[in-house]
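Source file: coords_21.cif (mmCIF, C-alpha atoms)
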```cif
data_target
#
loop_
_atom_site.label_atom_id
_atom_site.label_comp_id
_atom_site.auth_asym_id
_atom_site.auth_seq_id
_atom_site.Cartn_x
_atom_site.Cartn_y
_atom_site.Cartn_z
CA MET W 1 60.74 174.08 -56.33
CA SER W 2 57.09 174.99 -56.60
CA ALA W 3 57.97 178.55 -57.55
CA THR W 4 58.71 178.62 -61.25
CA ARG W 5 58.11 181.01 -64.11
CA PHE W 6 55.22 178.78 -65.09
CA ASN W 7 53.27 179.64 -61.94
CA ASN W 8 54.57 183.20 -61.73
CA ASN W 9 57.12 182.29 -59.05
CA SER W 10 54.34 181.75 -56.54
CA ASP W 11 54.43 179.34 -53.61
CA TYR W 12 51.02 177.72 -53.18
CA GLY W 13 50.28 174.64 -51.08
CA ILE W 14 47.15 172.50 -51.00
CA GLY W 15 43.90 174.04 -52.23
CA ILE W 16 40.39 172.97 -53.12
CA GLY W 17 37.92 173.95 -55.80
CA LEU W 18 35.48 176.69 -54.82
CA ARG W 19 32.01 175.20 -55.25
CA VAL W 20 28.53 176.65 -54.67
CA PRO W 21 27.44 174.22 -51.89
CA HIS W 22 30.36 175.48 -49.78
CA TYR W 23 29.84 179.23 -50.24
CA GLN W 24 27.91 179.75 -47.03
CA HIS W 25 30.29 177.67 -44.91
CA ILE W 26 33.35 179.48 -46.22
CA LEU W 27 31.89 182.96 -45.82
CA GLU W 28 30.59 182.29 -42.32
CA LYS W 29 33.31 180.08 -40.84
CA LYS W 30 36.30 181.43 -42.75
CA PRO W 31 38.18 178.11 -42.59
CA VAL W 32 41.94 178.09 -43.07
CA VAL W 33 42.57 177.08 -46.68
CA ASP W 34 45.76 177.83 -48.55
CA TRP W 35 44.00 178.73 -51.79
CA PHE W 36 40.90 178.16 -53.88
CA GLU W 37 40.67 177.28 -57.55
CA ILE W 38 37.70 178.78 -59.36
CA ILE W 39 36.17 177.77 -62.66
CA SER W 40 36.72 180.99 -64.61
CA GLU W 41 33.57 180.64 -66.72
CA ASN W 42 31.35 180.70 -63.61
CA TYR W 43 32.48 184.26 -62.89
CA MET W 44 32.81 185.76 -66.38
CA VAL W 45 29.64 187.78 -65.89
CA GLU W 46 28.87 191.48 -65.48
CA SER W 47 27.25 191.29 -62.05
CA GLY W 48 25.23 189.09 -59.70
CA ARG W 49 25.75 186.71 -56.80
CA PRO W 50 28.71 184.79 -58.22
CA LEU W 51 30.82 187.95 -58.45
CA HIS W 52 29.61 189.19 -55.07
CA VAL W 53 30.68 185.91 -53.44
CA LEU W 54 33.95 185.91 -55.35
CA ASP W 55 34.80 189.40 -54.11
CA GLU W 56 34.16 188.31 -50.54
CA ILE W 57 36.34 185.25 -51.02
CA LEU W 58 39.10 187.39 -52.52
CA GLU W 59 39.21 189.51 -49.37
CA GLN W 60 40.28 186.43 -47.39
CA TYR W 61 41.87 183.95 -49.75
CA ARG W 62 44.20 183.45 -52.69
CA VAL W 63 42.42 182.34 -55.85
CA VAL W 64 43.71 180.67 -59.01
CA GLN W 65 41.68 180.55 -62.21
CA HIS W 66 41.01 177.30 -64.04
CA GLY W 67 39.07 177.29 -67.31
CA VAL W 68 36.99 174.69 -69.12
CA SER W 69 36.26 176.23 -72.50
CA MET W 70 39.40 177.77 -73.97
CA TYR W 71 39.83 174.70 -76.16
CA PHE W 72 43.49 175.25 -77.02
CA GLY W 73 43.33 172.28 -79.38
CA ASN W 74 40.58 173.65 -81.59
CA ALA W 75 41.62 173.92 -85.23
CA SER W 76 40.32 177.50 -85.13
CA ARG W 77 41.97 180.38 -83.28
CA PRO W 78 41.00 181.39 -79.72
CA ASN W 79 37.75 183.30 -79.25
CA ARG W 80 38.68 186.96 -78.69
CA ALA W 81 35.40 187.88 -76.96
CA HIS W 82 35.98 185.05 -74.48
CA LEU W 83 39.57 186.15 -73.94
CA LYS W 84 38.53 189.72 -73.23
CA LYS W 85 36.16 188.59 -70.46
CA LEU W 86 38.78 186.21 -69.11
CA LYS W 87 41.40 188.93 -68.93
CA ALA W 88 39.01 191.20 -67.04
CA LEU W 89 38.49 188.42 -64.51
CA THR W 90 42.23 187.86 -64.10
CA ARG W 91 42.59 191.51 -63.15
CA ARG W 92 39.90 191.07 -60.52
CA THR W 93 41.32 187.86 -58.99
CA ALA W 94 45.05 188.62 -59.43
CA THR W 95 45.48 184.96 -60.31
CA PRO W 96 49.20 184.18 -60.64
CA TRP W 97 48.60 181.78 -63.51
CA VAL W 98 45.71 180.56 -65.64
CA SER W 99 45.05 176.95 -66.51
CA ASP W 100 42.85 175.18 -69.04
CA HIS W 101 42.80 171.86 -70.83
CA LEU W 102 44.83 170.26 -73.60
CA CYS W 103 41.76 169.42 -75.63
CA TRP W 104 39.30 170.69 -78.19
CA GLY W 105 35.55 171.19 -77.87
CA SER W 106 33.87 173.45 -80.37
CA VAL W 107 33.52 173.72 -84.15
CA ASP W 108 32.10 176.68 -86.05
CA GLY W 109 30.72 178.24 -82.88
CA ARG W 110 28.91 175.09 -81.71
CA TYR W 111 30.08 173.94 -78.29
CA THR W 112 30.12 170.33 -77.13
CA HIS W 113 30.73 171.44 -73.52
CA ASP W 114 33.16 168.56 -73.24
CA LEU W 115 36.93 168.17 -73.09
CA LEU W 116 37.45 166.16 -76.25
CA PRO W 117 40.74 164.31 -76.80
CA MET W 118 43.33 165.46 -79.28
CA PRO W 119 44.63 163.44 -82.19
CA TYR W 120 48.35 163.28 -81.43
CA THR W 121 49.62 164.56 -84.76
CA TRP W 122 52.30 167.08 -85.68
CA GLU W 123 49.69 169.34 -87.22
CA ALA W 124 47.80 169.34 -83.91
CA VAL W 125 51.03 170.11 -82.03
CA GLU W 126 51.65 173.20 -84.13
CA ILE W 127 48.07 174.48 -84.00
CA THR W 128 47.66 173.89 -80.27
CA ALA W 129 50.98 175.56 -79.42
CA ARG W 130 50.03 178.53 -81.63
CA ASN W 131 46.74 178.92 -79.78
CA ILE W 132 48.36 178.69 -76.34
CA ARG W 133 50.97 181.29 -77.27
CA GLU W 134 48.24 183.61 -78.52
CA VAL W 135 46.29 183.28 -75.26
CA GLN W 136 49.40 183.64 -73.11
CA ASP W 137 50.44 186.80 -74.93
CA TYR W 138 46.96 188.30 -74.68
CA LEU W 139 46.45 187.54 -70.98
CA GLU W 140 50.01 188.49 -70.02
CA LEU W 141 50.02 185.62 -67.54
CA PRO W 142 51.62 182.17 -67.50
CA ILE W 143 49.42 179.42 -68.91
CA ALA W 144 49.38 175.86 -67.58
CA VAL W 145 47.76 173.22 -69.78
CA GLU W 146 46.07 170.22 -68.20
CA ASN W 147 46.11 166.68 -69.58
CA VAL W 148 42.53 165.37 -69.87
CA SER W 149 40.95 161.99 -69.22
CA SER W 150 39.99 160.26 -72.43
CA TYR W 151 37.95 157.34 -73.65
CA ALA W 152 38.97 157.25 -77.30
CA GLU W 153 42.16 157.22 -79.37
CA PHE W 154 42.49 158.23 -83.00
CA HIS W 155 43.82 156.20 -85.91
CA VAL W 156 45.77 159.24 -87.13
CA SER W 157 47.91 159.72 -84.00
CA ASP W 158 51.68 159.79 -84.59
CA MET W 159 52.83 159.72 -80.96
CA GLU W 160 51.90 158.90 -77.37
CA GLU W 161 49.90 161.38 -75.30
CA TRP W 162 52.84 162.39 -73.09
CA GLU W 163 55.00 162.97 -76.15
CA PHE W 164 52.28 165.21 -77.57
CA LEU W 165 52.03 167.14 -74.29
CA ASN W 166 55.78 167.66 -74.17
CA GLU W 167 55.97 168.85 -77.77
CA VAL W 168 53.11 171.30 -77.24
CA VAL W 169 54.40 172.87 -74.01
CA GLU W 170 57.91 173.24 -75.40
CA ARG W 171 56.67 175.02 -78.53
CA ALA W 172 54.18 177.12 -76.58
CA GLU W 173 56.66 177.93 -73.80
CA CYS W 174 53.99 177.23 -71.22
CA GLY W 175 53.55 175.21 -68.04
CA ILE W 176 51.72 172.00 -67.23
CA LEU W 177 48.84 171.36 -64.88
CA LEU W 178 49.51 167.69 -64.27
CA ASP W 179 46.29 165.84 -63.45
CA VAL W 180 47.40 162.50 -62.04
CA ASN W 181 43.83 161.21 -61.84
CA ASN W 182 43.39 161.89 -65.54
CA ILE W 183 46.62 160.05 -66.27
CA TYR W 184 45.36 157.06 -64.30
CA VAL W 185 41.92 157.05 -65.96
CA SER W 186 43.41 157.30 -69.44
CA SER W 187 46.04 154.65 -68.68
CA ARG W 188 43.32 152.15 -67.77
CA ASN W 189 41.21 153.09 -70.77
CA HIS W 190 44.07 152.88 -73.26
CA GLY W 191 46.37 150.30 -71.69
CA PHE W 192 49.57 152.24 -70.97
CA ASN W 193 51.69 152.40 -67.82
CA PRO W 194 50.75 155.60 -65.96
CA MET W 195 54.20 155.82 -64.36
CA THR W 196 55.71 156.06 -67.83
CA TYR W 197 53.61 159.19 -68.35
CA VAL W 198 54.52 160.77 -65.00
CA ASN W 199 58.21 160.01 -65.57
CA ALA W 200 58.13 161.56 -69.04
CA VAL W 201 56.80 164.97 -68.00
CA PRO W 202 59.43 167.72 -67.68
CA PRO W 203 59.30 168.48 -63.92
CA GLU W 204 60.47 172.06 -64.28
CA ARG W 205 57.32 172.88 -66.27
CA VAL W 206 54.80 171.52 -63.76
CA ALA W 207 53.02 174.56 -62.31
CA GLN W 208 50.25 172.71 -60.50
CA ILE W 209 48.90 169.22 -59.84
CA HIS W 210 45.27 168.04 -59.76
CA VAL W 211 44.02 165.03 -57.82
CA ALA W 212 40.45 163.71 -57.96
CA GLY W 213 38.28 160.63 -57.78
CA HIS W 214 36.82 158.64 -60.65
CA THR W 215 34.24 155.90 -61.28
CA LYS W 216 34.94 152.33 -62.38
CA PHE W 217 32.62 150.79 -64.92
CA GLU W 218 32.86 147.26 -66.21
CA ARG W 219 34.93 148.07 -69.28
CA TYR W 220 36.28 151.57 -68.69
CA LEU W 221 36.89 154.28 -66.09
CA LEU W 222 35.04 157.59 -66.16
CA ASP W 223 36.46 160.81 -64.75
CA THR W 224 33.57 161.82 -62.49
CA HIS W 225 35.16 163.83 -59.64
CA ASP W 226 32.56 162.38 -57.29
CA HIS W 227 34.66 160.09 -55.09
CA PRO W 228 37.69 160.33 -52.80
CA VAL W 229 41.07 159.95 -54.47
CA LEU W 230 41.94 156.27 -54.99
CA ASP W 231 45.26 154.73 -53.91
CA PRO W 232 46.72 154.24 -57.41
CA VAL W 233 46.21 157.96 -58.03
CA TRP W 234 47.95 158.88 -54.78
CA LYS W 235 50.88 156.67 -55.89
CA LEU W 236 51.16 158.70 -59.09
CA TYR W 237 50.92 161.89 -57.03
CA ALA W 238 53.75 160.69 -54.79
CA ARG W 239 55.95 160.05 -57.81
CA ALA W 240 55.07 163.43 -59.31
CA ILE W 241 56.04 165.14 -56.07
CA GLU W 242 59.30 163.17 -55.98
CA ARG W 243 60.14 164.55 -59.39
CA CYS W 244 58.69 168.07 -59.19
CA GLY W 245 58.96 169.05 -55.54
CA ARG W 246 56.24 170.83 -53.56
CA VAL W 247 53.95 171.84 -56.38
CA ALA W 248 50.64 173.65 -55.82
CA THR W 249 48.11 170.84 -55.41
CA LEU W 250 44.35 170.98 -55.88
CA LEU W 251 41.60 168.45 -55.14
CA GLU W 252 38.69 168.52 -57.58
CA TRP W 253 35.29 167.36 -56.31
CA ASP W 254 32.45 168.37 -58.64
CA ASP W 255 29.56 165.95 -58.16
CA LYS W 256 27.90 164.40 -55.09
CA ILE W 257 29.83 167.08 -53.22
CA PRO W 258 30.18 166.29 -49.50
CA SER W 259 30.64 168.82 -46.70
CA PHE W 260 33.39 171.40 -46.89
CA GLU W 261 35.24 169.64 -44.06
CA ASP W 262 35.18 166.30 -45.88
CA VAL W 263 36.49 167.81 -49.11
CA HIS W 264 39.22 169.74 -47.33
CA ARG W 265 40.22 166.68 -45.29
CA GLU W 266 40.55 164.66 -48.48
CA ALA W 267 42.70 167.36 -50.06
CA LEU W 268 45.00 167.54 -47.04
CA LYS W 269 45.85 163.86 -47.47
CA ALA W 270 48.32 165.20 -50.03
CA ASN W 271 50.42 166.35 -47.05
CA ARG W 272 51.42 162.73 -46.51
CA PHE W 273 53.51 162.94 -49.64
CA LEU W 274 54.93 166.44 -49.31
CA PRO W 275 57.44 166.23 -46.40
CA HIS W 276 59.78 164.04 -48.43
CA ALA W 277 59.78 166.36 -51.39
CA ASP W 278 62.93 168.33 -51.83
CA VAL W 279 64.37 170.35 -54.66
CA TYR W 280 63.16 168.61 -57.78
CA VAL W 281 65.11 165.67 -59.02
CA ALA W 282 64.81 164.87 -62.67
CA ALA W 283 64.46 161.18 -63.53
CA MET O 1 33.36 159.19 -94.21
CA GLN O 2 35.22 157.60 -97.08
CA MET O 3 37.79 160.38 -96.89
CA PHE O 4 39.05 159.00 -93.54
CA THR O 5 39.48 155.41 -94.64
CA SER O 6 42.18 156.08 -97.18
CA GLN O 7 45.29 158.28 -97.18
CA PRO O 8 46.08 161.10 -96.75
CA LYS O 9 45.26 161.89 -93.14
CA PRO O 10 42.32 164.18 -92.47
CA THR O 11 43.25 167.66 -91.32
CA LEU O 12 42.66 168.58 -87.69
CA GLY O 13 39.69 170.71 -88.74
CA ALA O 14 38.10 167.91 -90.77
CA LEU O 15 38.54 165.37 -87.99
CA GLN O 16 37.08 167.73 -85.37
CA GLY O 17 34.15 168.59 -87.61
CA ALA O 18 33.29 164.92 -88.16
CA MET O 19 33.60 164.02 -84.48
CA ALA O 20 31.64 167.05 -83.29
CA ARG O 21 28.76 166.18 -85.63
CA ALA O 22 28.74 162.63 -84.28
CA VAL O 23 28.96 163.71 -80.63
CA MET O 24 26.06 166.16 -80.98
CA HIS O 25 23.89 163.82 -83.07
CA PRO O 26 20.74 162.83 -81.11
CA LEU O 27 20.86 159.51 -79.26
CA GLY O 28 18.91 156.59 -80.67
CA ALA O 29 16.81 153.89 -79.02
CA ARG O 30 17.57 153.06 -75.35
CA GLU O 31 19.82 156.14 -75.23
CA GLU O 32 22.46 154.39 -77.32
CA MET O 33 24.36 156.05 -80.15
CA ASP O 34 22.52 156.17 -83.47
CA LEU O 35 23.85 153.61 -85.94
CA ILE O 36 24.30 156.47 -88.40
CA ASN O 37 27.55 157.23 -86.51
CA SER O 38 29.01 153.75 -87.18
CA GLU O 39 31.02 154.80 -90.20
CA VAL O 40 32.58 157.87 -88.67
CA ALA O 41 33.41 155.91 -85.49
CA ALA O 42 35.23 153.20 -87.47
CA ALA O 43 36.96 155.82 -89.62
CA ILE O 44 38.44 157.96 -86.85
CA ILE O 45 38.45 156.01 -83.54
CA LYS O 46 40.71 153.07 -82.73
CA PRO O 47 39.05 150.10 -81.04
CA ASN O 48 40.76 148.40 -78.12
CA GLY O 49 40.44 144.99 -76.47
CA ARG O 50 37.38 145.99 -74.44
CA LEU O 51 35.53 148.57 -76.53
CA THR O 52 34.77 148.93 -80.23
CA SER O 53 35.24 152.22 -82.06
CA PHE O 54 31.46 152.66 -81.88
CA GLU O 55 31.37 152.11 -78.12
CA ARG O 56 34.24 154.53 -77.50
CA LEU O 57 32.59 157.29 -79.52
CA GLN O 58 29.28 156.49 -77.84
CA ILE O 59 30.72 157.48 -74.45
CA TYR O 60 31.16 161.05 -75.73
CA ASN O 61 27.80 161.08 -77.52
CA GLN O 62 25.96 159.94 -74.38
CA GLN O 63 27.87 162.29 -72.09
CA TYR O 64 26.97 165.23 -74.36
CA TRP O 65 23.25 164.50 -74.26
CA TRP O 66 23.05 163.47 -70.62
CA ARG O 67 24.86 166.67 -69.65
CA LEU O 68 22.55 168.75 -71.83
CA LEU O 69 19.38 167.06 -70.55
CA GLY O 70 20.63 167.33 -66.97
CA ALA O 71 21.18 171.07 -67.39
CA ALA O 72 17.75 171.45 -68.99
CA ALA O 73 16.15 169.57 -66.10
CA VAL O 74 17.83 171.86 -63.56
CA ALA O 75 16.78 174.95 -65.54
CA GLY O 76 13.22 173.58 -65.76
CA GLY O 77 13.17 172.99 -62.02
CA VAL O 78 14.30 176.55 -61.39
CA ALA O 79 11.60 177.84 -63.74
CA VAL O 80 8.94 175.78 -61.93
CA LEU O 81 10.10 177.10 -58.56
CA ALA O 82 10.11 180.66 -59.85
CA ALA O 83 6.57 180.27 -61.16
CA ALA O 84 5.29 178.68 -57.93
#
```

In structure tokens, write the structure found in this file.
Amino acid sequence: MSATRFNNNSDYGIGIGLRVPHYQHILEKKPVVDWFEIISENYMVESGRPLHVLDEILEQYRVVQHGVSMYFGNASRPNRAHLKKLKALTRRTATPWVSDHLCWGSVDGRYTHDLLPMPYTWEAVEITARNIREVQDYLELPIAVENVSSYAEFHVSDMEEWEFLNEVVERAECGILLDVNNIYVSSRNHGFNPMTYVNAVPPERVAQIHVAGHTKFERYLLDTHDHPVLDPVWKLYARAIERCGRVATLLEWDDKIPSFEDVHREALKANRFLPHADVYVAA
Amino acid sequence: MQMFTSQPKPTLGALQGAMARAVMHPLGAREEMDLINSEVAAAIIKPNGRLTSFERLQIYNQQYWWRLLGAAAVAGGVAVLAAA
């Protein structure tokens, strides 16, 4: 069931994030990898080594674009100059879908460079869906929005996070990039049952899944992407696969990055959960 | 931040403006959040059983500055190498 209109009817398996420390290994050894996810912003440049490497990667591999600064949840409208560069990159990579986060991050042109949590209000639902539709129409590609890890909740919220996500994607007519590590981190930080979240997501809209590691502090968890995936996160992944079928899956590892082989081996652990997946079964 | 302590709700734009100012405000002593952000933290962020509103907002404030200083350190290192 991995092929849906939300991932452009593509059929992607297990991929990993393309990261600088692995460039040389990938270009020289050409390891078998189903696909790579790139951070779009790292390649939205006119020229230079990043684009040169990307072009070499594109000769051998399938690439999907993942962004970190679209800020769909900003009260303001999407940045047209950013969108123009992003669209040019999508033409270069032939990415079947584009993902970015369900968050906000800039005000009046000042960027926090963070994925800040949304207040779960009806006003925010309408504004966020409007922004996603605008981006989707401009890029002429399916958009998948990713749930973020969060450390704060707002007094003004009217609903739970998963209810907010569902309202937004329905109004925006877009897909979901379900990050099960983020669900776990937020569940521990805010005291909800992470399975409730996974069970509430409409499986037919899940275009991709992220897994990653996180760090435990005394009083909260931080989404650091610098560890292997922990067992409770794999349990959420297993449940997501039960519900959604064989969805494109991506391991994120962004800090203290080990060898390419170690990262790829960690990603392929997802295979343990895939053989039992069949056509999606709604809860 | 009096406007957030009484009804009606702040708009999305007002809430984001207040939080962004707090997140980008320079850290105080011992790299903790400046007490000047206490009011906005209490006004917009819910506490939970383990963290106060101040502590929850502080996570974002610290992450912002540590990320920025980390990037500056890397850029400085590159500049030093280039000059060597």

Requested in this report: Within 6 Å of chain W, which residues of chain O are there when counting only C-alpha atoms? Please give them as an MDAnalysis selection string.
Outcome: chainID O and resid 12:13 44:46 56

Query raised in the report: Out of O:Leu35, O:Leu57, O:Ala75, O:Leu51, which residue has the shortest atom-to-atom distance to Ala18 (chain O) when counting all atoms listed in the file?
Result: O:Leu57

Query - Residues within 7 Å of Phe54 (chain O), only C-alpha atoms, excluding chain neighbours under 5 positions, as a VMD selection string - result: chain O and resid 38 41 to 42

Save the residues we just selected, C-alpha atoms, as a PDB file, in the frame of the given file?
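Okay, part.pdb is ready:
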```
ATOM      1  CA  SER O  38      29.010 153.750 -87.180  1.00  0.00           C
ATOM      2  CA  ALA O  41      33.410 155.910 -85.490  1.00  0.00           C
ATOM      3  CA  ALA O  42      35.230 153.200 -87.470  1.00  0.00           C
TER       4      ALA O  42
END
```

Report task. Report the distance between CA of Gly245 (chain W) and CA of Glu173 (chain W) in Å, rounded to one decimal place. Result -> 20.4 Å

Requested in this report: For CA of Lys269 (chain W) and CA of Cys244 (chain W), quote the distance in Å rounded to one decimal.
Outcome: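 Taking CA of Lys269 (chain W) and CA of Cys244 (chain W), their separation equals 17.9 Å.
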
Query - Counting only C-alpha atoms, the option among W:Asp262, W:Asp137, W:Glu146, W:Asp11 closest to Val68 (chain W) - result: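 Closest to Val68 (chain W) of all the choices is W:Glu146.
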
Gln136 (chain W): which residues within 12 Å, counting all atoms listed in the file, same-chain residues fewer than 3 positions away excluded, as a PDB file with C-alpha atoms, in the coordinates of the input?
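Once written, result-v1.pdb looks like this:
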```pdb
ATOM      1  CA  PHE W   6      55.220 178.780 -65.090  1.00  0.00           C
ATOM      2  CA  MET W  70      39.400 177.770 -73.970  1.00  0.00           C
ATOM      3  CA  PHE W  72      43.490 175.250 -77.020  1.00  0.00           C
ATOM      4  CA  PRO W  78      41.000 181.390 -79.720  1.00  0.00           C
ATOM      5  CA  LEU W  83      39.570 186.150 -73.940  1.00  0.00           C
ATOM      6  CA  LEU W  86      38.780 186.210 -69.110  1.00  0.00           C
ATOM      7  CA  LYS W  87      41.400 188.930 -68.930  1.00  0.00           C
ATOM      8  CA  TRP W  97      48.600 181.780 -63.510  1.00  0.00           C
ATOM      9  CA  VAL W  98      45.710 180.560 -65.640  1.00  0.00           C
ATOM     10  CA  SER W  99      45.050 176.950 -66.510  1.00  0.00           C
ATOM     11  CA  ASP W 100      42.850 175.180 -69.040  1.00  0.00           C
ATOM     12  CA  ALA W 129      50.980 175.560 -79.420  1.00  0.00           C
ATOM     13  CA  ARG W 130      50.030 178.530 -81.630  1.00  0.00           C
ATOM     14  CA  ASN W 131      46.740 178.920 -79.780  1.00  0.00           C
ATOM     15  CA  ILE W 132      48.360 178.690 -76.340  1.00  0.00           C
ATOM     16  CA  ARG W 133      50.970 181.290 -77.270  1.00  0.00           C
ATOM     17  CA  LEU W 139      46.450 187.540 -70.980  1.00  0.00           C
ATOM     18  CA  GLU W 140      50.010 188.490 -70.020  1.00  0.00           C
ATOM     19  CA  LEU W 141      50.020 185.620 -67.540  1.00  0.00           C
ATOM     20  CA  PRO W 142      51.620 182.170 -67.500  1.00  0.00           C
ATOM     21  CA  ILE W 143      49.420 179.420 -68.910  1.00  0.00           C
ATOM     22  CA  ALA W 144      49.380 175.860 -67.580  1.00  0.00           C
ATOM     23  CA  VAL W 145      47.760 173.220 -69.780  1.00  0.00           C
ATOM     24  CA  VAL W 169      54.400 172.870 -74.010  1.00  0.00           C
ATOM     25  CA  ALA W 172      54.180 177.120 -76.580  1.00  0.00           C
ATOM     26  CA  GLU W 173      56.660 177.930 -73.800  1.00  0.00           C
ATOM     27  CA  CYS W 174      53.990 177.230 -71.220  1.00  0.00           C
ATOM     28  CA  GLY W 175      53.550 175.210 -68.040  1.00  0.00           C
TER      29      GLY W 175
END
```

Query raised in the report: Excluding same-chain residues fewer than 4 positions from region 198-203 of chain W, what lies within 9 Å of it counting all atoms listed in the file, as an MDAnalysis selection string?
Result: chainID W and resid 162:163 165:166 176 178 180 183 194 207 236:237 239:240 243:245 280:283

Can those selected residues be exported to a file as an mmCIF file, keeping the file's coordinate frame so that it contains C-alpha atoms?
```
data_model
loop_
_atom_site.group_PDB
_atom_site.id
_atom_site.type_symbol
_atom_site.label_atom_id
_atom_site.label_comp_id
_atom_site.auth_asym_id
_atom_site.auth_seq_id
_atom_site.Cartn_x
_atom_site.Cartn_y
_atom_site.Cartn_z
ATOM 1 C CA TRP W 162 52.840 162.390 -73.090
ATOM 2 C CA GLU W 163 55.000 162.970 -76.150
ATOM 3 C CA LEU W 165 52.030 167.140 -74.290
ATOM 4 C CA ASN W 166 55.780 167.660 -74.170
ATOM 5 C CA ILE W 176 51.720 172.000 -67.230
ATOM 6 C CA LEU W 178 49.510 167.690 -64.270
ATOM 7 C CA VAL W 180 47.400 162.500 -62.040
ATOM 8 C CA ILE W 183 46.620 160.050 -66.270
ATOM 9 C CA PRO W 194 50.750 155.600 -65.960
ATOM 10 C CA ALA W 207 53.020 174.560 -62.310
ATOM 11 C CA LEU W 236 51.160 158.700 -59.090
ATOM 12 C CA TYR W 237 50.920 161.890 -57.030
ATOM 13 C CA ARG W 239 55.950 160.050 -57.810
ATOM 14 C CA ALA W 240 55.070 163.430 -59.310
ATOM 15 C CA ARG W 243 60.140 164.550 -59.390
ATOM 16 C CA CYS W 244 58.690 168.070 -59.190
ATOM 17 C CA GLY W 245 58.960 169.050 -55.540
ATOM 18 C CA TYR W 280 63.160 168.610 -57.780
ATOM 19 C CA VAL W 281 65.110 165.670 -59.020
ATOM 20 C CA ALA W 282 64.810 164.870 -62.670
ATOM 21 C CA ALA W 283 64.460 161.180 -63.530
#
```

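Interatomic distance, CA of Glu170 (chain W) against CA of Thr196 (chain W): 18.9 Å.
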
Taking (38.3, 181.1, -56.8) in the file's coordinates, which residues come within 6 Å, counting only C-alpha atoms, written as a PDB file with C-alpha atoms, in the frame of the given file?
```pdb
ATOM      1  CA  LEU W  18      35.480 176.690 -54.820  1.00  0.00           C
ATOM      2  CA  PHE W  36      40.900 178.160 -53.880  1.00  0.00           C
ATOM      3  CA  GLU W  37      40.670 177.280 -57.550  1.00  0.00           C
ATOM      4  CA  ILE W  38      37.700 178.780 -59.360  1.00  0.00           C
ATOM      5  CA  VAL W  63      42.420 182.340 -55.850  1.00  0.00           C
ATOM      6  CA  VAL W  64      43.710 180.670 -59.010  1.00  0.00           C
TER       7      VAL W  64
END
```

Box time for region 99-111 of chain W: axis-aligned, enclosing all its listed atoms, 8 Å extra on each side; report centre and edge lengths in Å to one decimal, as lines of an AutoDock Vina configuration file.
```
center_x = 37.0
center_y = 173.8
center_z = -76.3
size_x = 32.1
size_y = 24.8
size_z = 35.5
```

Query raised in the report: Using all atoms listed in the file, which residue out of W:Trp234, W:Phe192, W:Tyr61, W:Tyr43 lies closest to Tyr12 (chain W)?
Result: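 So, comparing all the options, the nearest one is W:Tyr61.
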
Requested in this report: Quick one: everything within 9 Å of His225 (chain W), counting all atoms listed in the file, minus sequence neighbours fewer than 4 positions away in the same chain. Send it as a list in words.
Outcome: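 Selected residues are Ala212, Gly213, His214, Thr215, Val229, Glu252, Trp253, Asp254, Asp255, Lys256 and Ile257 of chain W.
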